[in-house]
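Peer 1: Just final-v5.txt, nothing more (compact mmCIF, C-alpha atoms and all ligand atoms):
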```txt
# COMPACT_ATOMS: atom_id res chain seq x y z
CA MET A 1 0.00 0.00 0.00
CA ALA A 2 2.76 2.37 1.02
CA VAL A 3 4.59 1.53 -2.17
CA LEU A 4 1.49 2.31 -4.25
CA CYS A 5 1.05 5.57 -2.37
CA SER A 6 4.60 6.63 -3.03
CA ILE A 7 4.21 5.80 -6.70
CA VAL A 8 1.04 7.92 -6.87
CA GLU A 9 2.84 10.74 -5.05
CA ALA A 10 5.73 10.51 -7.46
CA LEU A 11 3.34 10.59 -10.41
CA LYS A 12 1.56 13.63 -8.95
CA LYS A 13 4.86 15.42 -8.55
CA ARG A 14 5.80 14.47 -12.08
CA LEU A 15 2.50 15.80 -13.38
CA GLN A 16 2.91 19.01 -11.39
CA SER A 17 6.38 19.50 -12.75
CA ILE A 18 5.05 19.01 -16.29
CA LYS A 19 2.31 21.57 -15.57
CA LEU A 20 4.90 23.91 -14.17
CA ASN A 21 6.97 23.39 -17.24
CA VAL A 22 3.99 24.19 -19.43
CA ARG A 23 3.34 27.31 -17.37
CA ARG A 24 6.96 28.24 -17.68
CA VAL A 25 6.86 27.78 -21.43
CA ARG A 26 3.75 29.90 -22.05
CA PRO A 27 5.09 33.30 -21.04
CA CYS A 28 8.13 32.40 -23.01
CA THR A 29 6.12 31.91 -26.23
CA ARG A 30 4.23 35.09 -25.49
CA LEU A 31 7.49 36.90 -25.14
CA THR A 32 8.76 35.36 -28.36
CA SER A 33 5.70 36.41 -30.37
CA TYR A 34 5.92 39.87 -28.80
CA THR A 35 9.53 40.11 -29.88
CA MET A 36 8.56 38.83 -33.29
CA ILE A 37 5.86 41.49 -33.67
CA LYS A 38 8.34 44.11 -32.50
CA THR A 39 10.89 42.90 -35.02
CA LEU A 40 8.25 42.82 -37.76
CA LEU A 41 7.12 46.37 -36.96
CA PHE A 42 10.71 47.54 -36.88
CA THR A 43 11.42 45.87 -40.23
CA LEU A 44 8.25 47.37 -41.71
CA SER A 45 9.04 50.86 -40.51
CA PHE A 46 12.59 50.43 -41.76
CA ILE A 47 11.32 49.43 -45.22
CA LEU A 48 8.86 52.35 -45.26
CA LEU A 49 11.49 54.82 -44.12
CA HIS A 50 13.99 53.42 -46.59
CA GLY A 51 11.44 53.71 -49.40
CA PHE A 52 10.79 57.28 -48.37
CA LEU A 53 14.50 58.06 -48.35
CA ILE A 54 14.94 56.51 -51.81
CA GLN A 55 12.01 58.57 -53.07
CA ALA A 56 13.42 61.67 -51.44
CA GLN A 57 16.70 61.15 -53.25
CA VAL A 58 15.05 61.19 -56.69
CA PRO A 59 15.04 64.82 -57.75
CA VAL A 60 11.65 66.21 -58.68
CA LEU A 61 11.92 67.32 -62.27
CA GLU A 62 10.40 70.69 -62.80
CA PRO A 63 10.30 71.88 -66.39
CA LEU A 64 12.04 75.19 -67.05
CA LYS A 65 9.94 78.15 -68.14
CA VAL A 66 12.44 79.09 -70.81
CA SER A 67 15.12 76.88 -72.31
CA GLN A 68 17.47 78.26 -74.92
CA ILE A 69 20.54 76.86 -76.57
CA ARG A 70 22.61 79.48 -78.38
CA GLY A 71 19.51 81.61 -78.85
CA ILE A 72 17.35 78.76 -80.15
CA ASN A 73 14.20 78.16 -78.12
CA VAL A 74 13.42 74.65 -76.96
CA TYR A 75 9.71 74.15 -76.24
CA GLY A 76 7.84 71.46 -74.31
CA LYS A 77 9.12 70.46 -70.89
CA PRO A 78 12.90 70.83 -70.88
CA VAL A 79 14.62 70.56 -67.50
CA ASP A 80 17.99 72.01 -68.47
CA ASN A 81 19.70 73.96 -71.22
CA GLN A 82 20.97 70.84 -72.99
CA THR A 83 17.54 69.64 -74.20
CA ARG A 84 16.89 67.06 -71.49
CA CYS A 85 13.20 66.97 -70.59
CA ILE A 86 10.94 65.54 -67.92
CA HIS A 87 10.50 62.42 -70.13
CA TRP A 88 14.08 61.82 -71.28
CA HIS A 89 16.92 63.08 -69.13
CA SER A 90 19.80 60.65 -69.18
CA GLU A 91 23.37 61.75 -69.77
CA LEU A 92 22.88 60.98 -73.48
CA ASP A 93 19.58 62.79 -74.02
CA ILE A 94 21.03 65.92 -75.58
CA ILE A 95 19.16 66.59 -78.78
CA ALA A 96 15.99 68.44 -79.61
CA ILE A 97 14.03 67.79 -82.78
CA LYS A 98 12.38 70.46 -84.85
CA PHE A 99 8.86 69.41 -85.71
CA LYS A 100 7.73 69.64 -89.30
CA CYS A 101 4.24 70.78 -88.23
CA CYS A 102 5.19 73.89 -86.25
CA ASP A 103 8.87 74.50 -87.00
CA LYS A 104 9.67 74.44 -83.27
CA TYR A 105 12.28 72.48 -81.41
CA TYR A 106 11.03 70.02 -78.78
CA PRO A 107 13.19 67.67 -76.68
CA CYS A 108 10.93 64.71 -77.46
CA PHE A 109 7.69 63.49 -78.98
CA SER A 110 5.86 63.49 -75.60
CA CYS A 111 6.83 67.13 -75.06
CA HIS A 112 5.16 68.02 -78.37
CA GLU A 113 2.12 65.82 -77.64
CA GLU A 114 1.57 67.44 -74.25
CA GLU A 115 2.10 71.03 -75.30
CA ALA A 116 1.25 71.55 -78.97
CA ASP A 117 -2.37 72.15 -79.92
CA HIS A 118 -2.16 70.17 -83.15
CA ASN A 119 -1.29 66.75 -84.50
CA HIS A 120 2.36 66.15 -85.24
CA GLN A 121 3.75 65.75 -88.75
CA VAL A 122 6.80 63.76 -89.73
CA TRP A 123 9.55 65.05 -92.03
CA PRO A 124 9.18 63.58 -95.53
CA LYS A 125 12.26 61.88 -96.98
CA SER A 126 12.50 64.61 -99.61
CA GLU A 127 13.32 67.10 -96.81
CA PHE A 128 15.93 65.08 -94.95
CA ASP A 129 18.51 67.71 -95.91
CA GLN A 130 16.69 70.19 -93.63
CA LYS A 131 18.37 71.15 -90.38
CA ALA A 132 16.01 69.73 -87.76
CA ILE A 133 18.23 68.35 -84.99
CA LEU A 134 19.70 70.59 -82.33
CA CYS A 135 22.73 69.42 -80.36
CA GLY A 136 22.09 70.42 -76.75
CA VAL A 137 25.80 70.55 -75.95
CA CYS A 138 27.20 72.80 -78.69
CA GLY A 139 23.98 74.30 -80.09
CA ASN A 140 24.73 73.36 -83.70
CA GLU A 141 21.85 72.29 -85.91
CA LEU A 142 22.22 69.10 -87.91
CA GLY A 143 20.45 68.02 -91.04
CA ILE A 144 18.24 64.95 -90.64
CA ASN A 145 20.47 62.87 -92.92
CA GLU A 146 23.54 64.22 -91.17
CA TYR A 147 22.08 63.19 -87.81
CA MET A 148 21.07 59.73 -89.05
CA ASN A 149 24.59 59.14 -90.36
CA SER A 150 26.32 60.62 -87.32
CA ASN A 151 26.91 57.27 -85.61
CA ASN A 152 25.30 58.76 -82.50
CA SER A 153 27.74 61.52 -81.82
CA CYS A 154 27.69 65.17 -82.71
CA PRO A 155 29.91 65.90 -85.77
CA HIS A 156 30.70 69.34 -84.26
CA CYS A 157 31.41 68.67 -80.58
CA GLN A 158 31.58 64.84 -80.50
CA ALA A 159 29.03 64.66 -77.66
CA LYS A 160 27.41 61.23 -77.54
CA PHE A 161 23.73 60.96 -78.53
CA ASN A 162 21.32 58.37 -77.18
CA PRO A 163 21.43 55.45 -79.67
CA GLY A 164 17.97 54.42 -78.42
CA CYS A 165 16.47 57.41 -80.26
CA SER A 166 16.64 55.46 -83.53
CA LYS A 167 13.78 53.33 -82.21
CA HIS A 168 11.57 56.42 -82.40
CA TYR A 169 12.52 57.74 -85.84
CA HIS A 170 9.03 56.96 -87.14
CA LEU A 171 7.62 59.60 -84.75
CA TYR A 172 9.64 62.35 -86.39
CA PHE A 173 10.76 61.19 -89.82
CA GLU A 174 9.17 59.39 -92.70
CA THR A 175 10.41 55.83 -92.40
CA GLU A 176 8.26 53.90 -94.87
CA PRO A 177 7.29 54.67 -98.43
CA LYS A 178 3.94 56.43 -98.39
CA LYS A 179 1.06 54.01 -98.80
CA GLU A 180 -1.40 54.71 -101.60
CA ASP A 181 -5.00 54.89 -100.51
ZN ZN B 1 4.03 70.72 -84.02
ZN ZN B 2 9.96 65.38 -73.38
ZN ZN B 3 27.30 69.16 -80.55
```
Could you spell out this file's structure in C-alpha cells?
Peer 2:
Amino acid sequence: MAVLCSIVEALKKRLQSIKLNVRRVRPCTRLTSYTMIKTLLFTLSFILLHGFLIQAQVPVLEPLKVSQIRGINVYGKPVDNQTRCIHWHSELDIIAIKFKCCDKYYPCFSCHEEEADHNHQVWPKSEFDQKAILCGVCGNELGINEYMNSNNSCPHCQAKFNPGCSKHYHLYFETEPKKED
C-alpha cells in the first residue's frame, strides 16, 4: 500500500512539474511572439522609411519656363539647357528635334504631344537635308540625314547621342514609303 502511495505521489509530482513546465513555457512563447511582432514592426518601418529616403533622393523634375541653346528656343518640358526633358533626361539625351508641323524644337515626342495644340507631322524623306536636330551641348543644328549618319555623336562637338532614339525615328521622320489609298 505504502509503495502504491509513493508511486502515486511521485506521479503527482511528475505531473505538477510538467504543468509547471507548461506554465513556464507559455510566457516564453508570449514573449517570443511579442519580440517577433516588434521585429516585424521595426522591419516594416525600416522598409517604409527606406522607401521614403529613396524617393526623397530622386530629384523632382520641374520643367524650365524658358530653355534656350545658343539663342534657339526649346519648347515642351525641358529641364535644363541641354535639351533634357521631364521624359528623357539621361546623360545621353542631348538633342531636340524640330517638328515639321510647327517649325519648333522640342526635346521629345511626348513634349510636343503634351504642349502643342495640333497633330504632329513627320519630315518627308525629300526634306531630310533640312536642319532639324539641335545638339544640346554645342547648339549646332544638324540636317536629318547628317544626324542619321552621325553614328550617335555630334559631328561638331563629339558629344554622344542616345542610340535608343533610332527606335523612335518613325515619330519624327518618314520611315516607310507612303502608302497609296
Ligand atoms: Zn508641331
Ligand atoms: Zn519630353
Ligand atoms: Zn554638338
Peer 1: Let me make sure I understand: among A:Trp123, A:Phe161, A:Phe99, A:Phe128, which one has the smallest atom-to-atom distance to Glu174 (chain A) if we use all atoms listed in the file?
Peer 2: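 When distances to Glu174 (chain A) are compared using all atoms listed in the file, the smallest one comes from A:Trp123.
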Peer 1: One decimal, in Å: what's the spacing between CA of Lys65 (chain A) and CA of Lys104 (chain A)?
Peer 2: 15.6 Å
Peer 1: 6 Å from ligand ZN 2 (chain B) is the threshold here; counting all atoms listed in the file, which polymer residues fall inside it? Answer as a ChimeraX atom specification.
Peer 2: /A:77,85-88,107-108,110-111
Peer 1: Save the residues we just selected, C-alpha atoms, as a PDB file, keeping the file's coordinate frame?
Peer 2:
```pdb
ATOM      1  CA  LYS A  77       9.120  70.460 -70.890  1.00  0.00           C
ATOM      2  CA  CYS A  85      13.200  66.970 -70.590  1.00  0.00           C
ATOM      3  CA  ILE A  86      10.940  65.540 -67.920  1.00  0.00           C
ATOM      4  CA  HIS A  87      10.500  62.420 -70.130  1.00  0.00           C
ATOM      5  CA  TRP A  88      14.080  61.820 -71.280  1.00  0.00           C
ATOM      6  CA  PRO A 107      13.190  67.670 -76.680  1.00  0.00           C
ATOM      7  CA  CYS A 108      10.930  64.710 -77.460  1.00  0.00           C
ATOM      8  CA  SER A 110       5.860  63.490 -75.600  1.00  0.00           C
ATOM      9  CA  CYS A 111       6.830  67.130 -75.060  1.00  0.00           C
TER      10      CYS A 111
END
```
Peer 1: Find the spatial neighbours of Ile95 (chain A), counting all atoms listed in the file, within a cut-off of 9 Å - ignore same-chain residues fewer than 2 positions away - and output them as a ChimeraX atom specification.
Peer 2: /A:82-84,92-93,97,106-108,133-137,161-162
Peer 1: Mind dumping the selected residues with C-alpha atoms as a PDB file, in the coordinates of the input?
Peer 2:
```
ATOM      1  CA  GLN A  82      20.970  70.840 -72.990  1.00  0.00           C
ATOM      2  CA  THR A  83      17.540  69.640 -74.200  1.00  0.00           C
ATOM      3  CA  ARG A  84      16.890  67.060 -71.490  1.00  0.00           C
ATOM      4  CA  LEU A  92      22.880  60.980 -73.480  1.00  0.00           C
ATOM      5  CA  ASP A  93      19.580  62.790 -74.020  1.00  0.00           C
ATOM      6  CA  ILE A  97      14.030  67.790 -82.780  1.00  0.00           C
ATOM      7  CA  TYR A 106      11.030  70.020 -78.780  1.00  0.00           C
ATOM      8  CA  PRO A 107      13.190  67.670 -76.680  1.00  0.00           C
ATOM      9  CA  CYS A 108      10.930  64.710 -77.460  1.00  0.00           C
ATOM     10  CA  ILE A 133      18.230  68.350 -84.990  1.00  0.00           C
ATOM     11  CA  LEU A 134      19.700  70.590 -82.330  1.00  0.00           C
ATOM     12  CA  CYS A 135      22.730  69.420 -80.360  1.00  0.00           C
ATOM     13  CA  GLY A 136      22.090  70.420 -76.750  1.00  0.00           C
ATOM     14  CA  VAL A 137      25.800  70.550 -75.950  1.00  0.00           C
ATOM     15  CA  PHE A 161      23.730  60.960 -78.530  1.00  0.00           C
ATOM     16  CA  ASN A 162      21.320  58.370 -77.180  1.00  0.00           C
TER      17      ASN A 162
END
```
Peer 1: I'd like a table as a tab-separated table: residues in chain A with an atom no more than 7 Å from ligand ZN 3 (chain B), each row giving the shortest atom pair and its distance in Å to one decimal, all atoms listed in the file counted, sorted by chain and rising residue number.
Peer 2:
```
residue	atom	partner	partner_atom	distance
A:Cys135	CA	B:ZN3	ZN	4.6
A:Gly136	CA	B:ZN3	ZN	6.6
A:Val137	CA	B:ZN3	ZN	5.0
A:Cys138	CA	B:ZN3	ZN	4.1
A:Gly139	CA	B:ZN3	ZN	6.1
A:Asn140	CA	B:ZN3	ZN	5.8
A:Cys154	CA	B:ZN3	ZN	4.6
A:Pro155	CA	B:ZN3	ZN	6.7
A:His156	CA	B:ZN3	ZN	5.0
A:Cys157	CA	B:ZN3	ZN	4.1
A:Gln158	CA	B:ZN3	ZN	6.1
A:Ala159	CA	B:ZN3	ZN	5.6
```
Peer 1: Include C-alpha atoms and write out the residues we just selected as an mmCIF file, in the frame of the given file.
Peer 2:
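Done, and the output landed in result.cif:
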```cif
data_model
loop_
_atom_site.group_PDB
_atom_site.id
_atom_site.type_symbol
_atom_site.label_atom_id
_atom_site.label_comp_id
_atom_site.auth_asym_id
_atom_site.auth_seq_id
_atom_site.Cartn_x
_atom_site.Cartn_y
_atom_site.Cartn_z
ATOM 1 C CA CYS A 135 22.730 69.420 -80.360
ATOM 2 C CA GLY A 136 22.090 70.420 -76.750
ATOM 3 C CA VAL A 137 25.800 70.550 -75.950
ATOM 4 C CA CYS A 138 27.200 72.800 -78.690
ATOM 5 C CA GLY A 139 23.980 74.300 -80.090
ATOM 6 C CA ASN A 140 24.730 73.360 -83.700
ATOM 7 C CA CYS A 154 27.690 65.170 -82.710
ATOM 8 C CA PRO A 155 29.910 65.900 -85.770
ATOM 9 C CA HIS A 156 30.700 69.340 -84.260
ATOM 10 C CA CYS A 157 31.410 68.670 -80.580
ATOM 11 C CA GLN A 158 31.580 64.840 -80.500
ATOM 12 C CA ALA A 159 29.030 64.660 -77.660
#
```
Peer 1: Kindly provide, as a PyMOL selection string, all nucleotide and amino acid residues lying within 9 Å of ligand ZN 1 (chain B), counting all atoms listed in the file.
Peer 2: chain A and resi 98-106+112-113+115-121
Peer 1: Got time to write the residues from that selection, C-alpha atoms, as a CSV table (one decimal), in the coordinates of the input?
Peer 2:
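Output file selection_3.csv follows:
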```
chain,number,residue,atom,x,y,z
A,98,LYS,CA,12.4,70.5,-84.8
A,99,PHE,CA,8.9,69.4,-85.7
A,100,LYS,CA,7.7,69.6,-89.3
A,101,CYS,CA,4.2,70.8,-88.2
A,102,CYS,CA,5.2,73.9,-86.2
A,103,ASP,CA,8.9,74.5,-87.0
A,104,LYS,CA,9.7,74.4,-83.3
A,105,TYR,CA,12.3,72.5,-81.4
A,106,TYR,CA,11.0,70.0,-78.8
A,112,HIS,CA,5.2,68.0,-78.4
A,113,GLU,CA,2.1,65.8,-77.6
A,115,GLU,CA,2.1,71.0,-75.3
A,116,ALA,CA,1.2,71.6,-79.0
A,117,ASP,CA,-2.4,72.2,-79.9
A,118,HIS,CA,-2.2,70.2,-83.2
A,119,ASN,CA,-1.3,66.8,-84.5
A,120,HIS,CA,2.4,66.2,-85.2
A,121,GLN,CA,3.8,65.8,-88.8
```
Peer 1: Using Å and a single decimal, report how far CA of Ala96 (chain A) sits from CA of Ser166 (chain A).
Peer 2: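 Rounded to one decimal, the two atoms are 13.6 Å apart.
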Peer 1: For a test of reading the model, state the distance in Å between CA of Leu64 (chain A) and CA of Asp80 (chain A), rounded to one decimal.
Peer 2: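 Going from CA of Leu64 (chain A) over to CA of Asp80 (chain A), I get 6.9 Å.
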Peer 1: For Ile69 (chain A), which of A:Ala132, A:Glu141, A:Asn151, A:Pro124 is the closest residue, counting all atoms listed in the file?
Peer 2: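 With all atoms listed in the file as the atom set, the closest residue is A:Glu141.
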Peer 1: Using all atoms listed in the file, find the one residue out of A:Ile144, A:Lys125, A:Ser33, A:Ser153 that sits nearest to Glu176 (chain A).
Peer 2: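 Nearest candidate to Glu176 (chain A) out of A:Ile144, A:Lys125, A:Ser33, A:Ser153: A:Lys125.
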Peer 1: For His168 (chain A), which residue among A:Arg70, A:Lys131, A:Gly143, A:Phe109 is the nearest when counting all atoms listed in the file?
Peer 2: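 Checking each candidate against His168 (chain A), we get A:Phe109 as the closest.
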Peer 1: Would you please work out which residue, of A:Asn73, A:Ser67, A:Thr175, A:Thr35, is nearest to Val122 (chain A) when using only C-alpha atoms?
Peer 2: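 Nearest to Val122 (chain A): A:Thr175.
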Peer 1: From the list A:Val66, A:Leu41, A:Gly164, A:Tyr169, which residue is nearest Asn152 (chain A) when using all atoms listed in the file?
Peer 2: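 Ranked by minimum distance to Asn152 (chain A), first place goes to A:Gly164.
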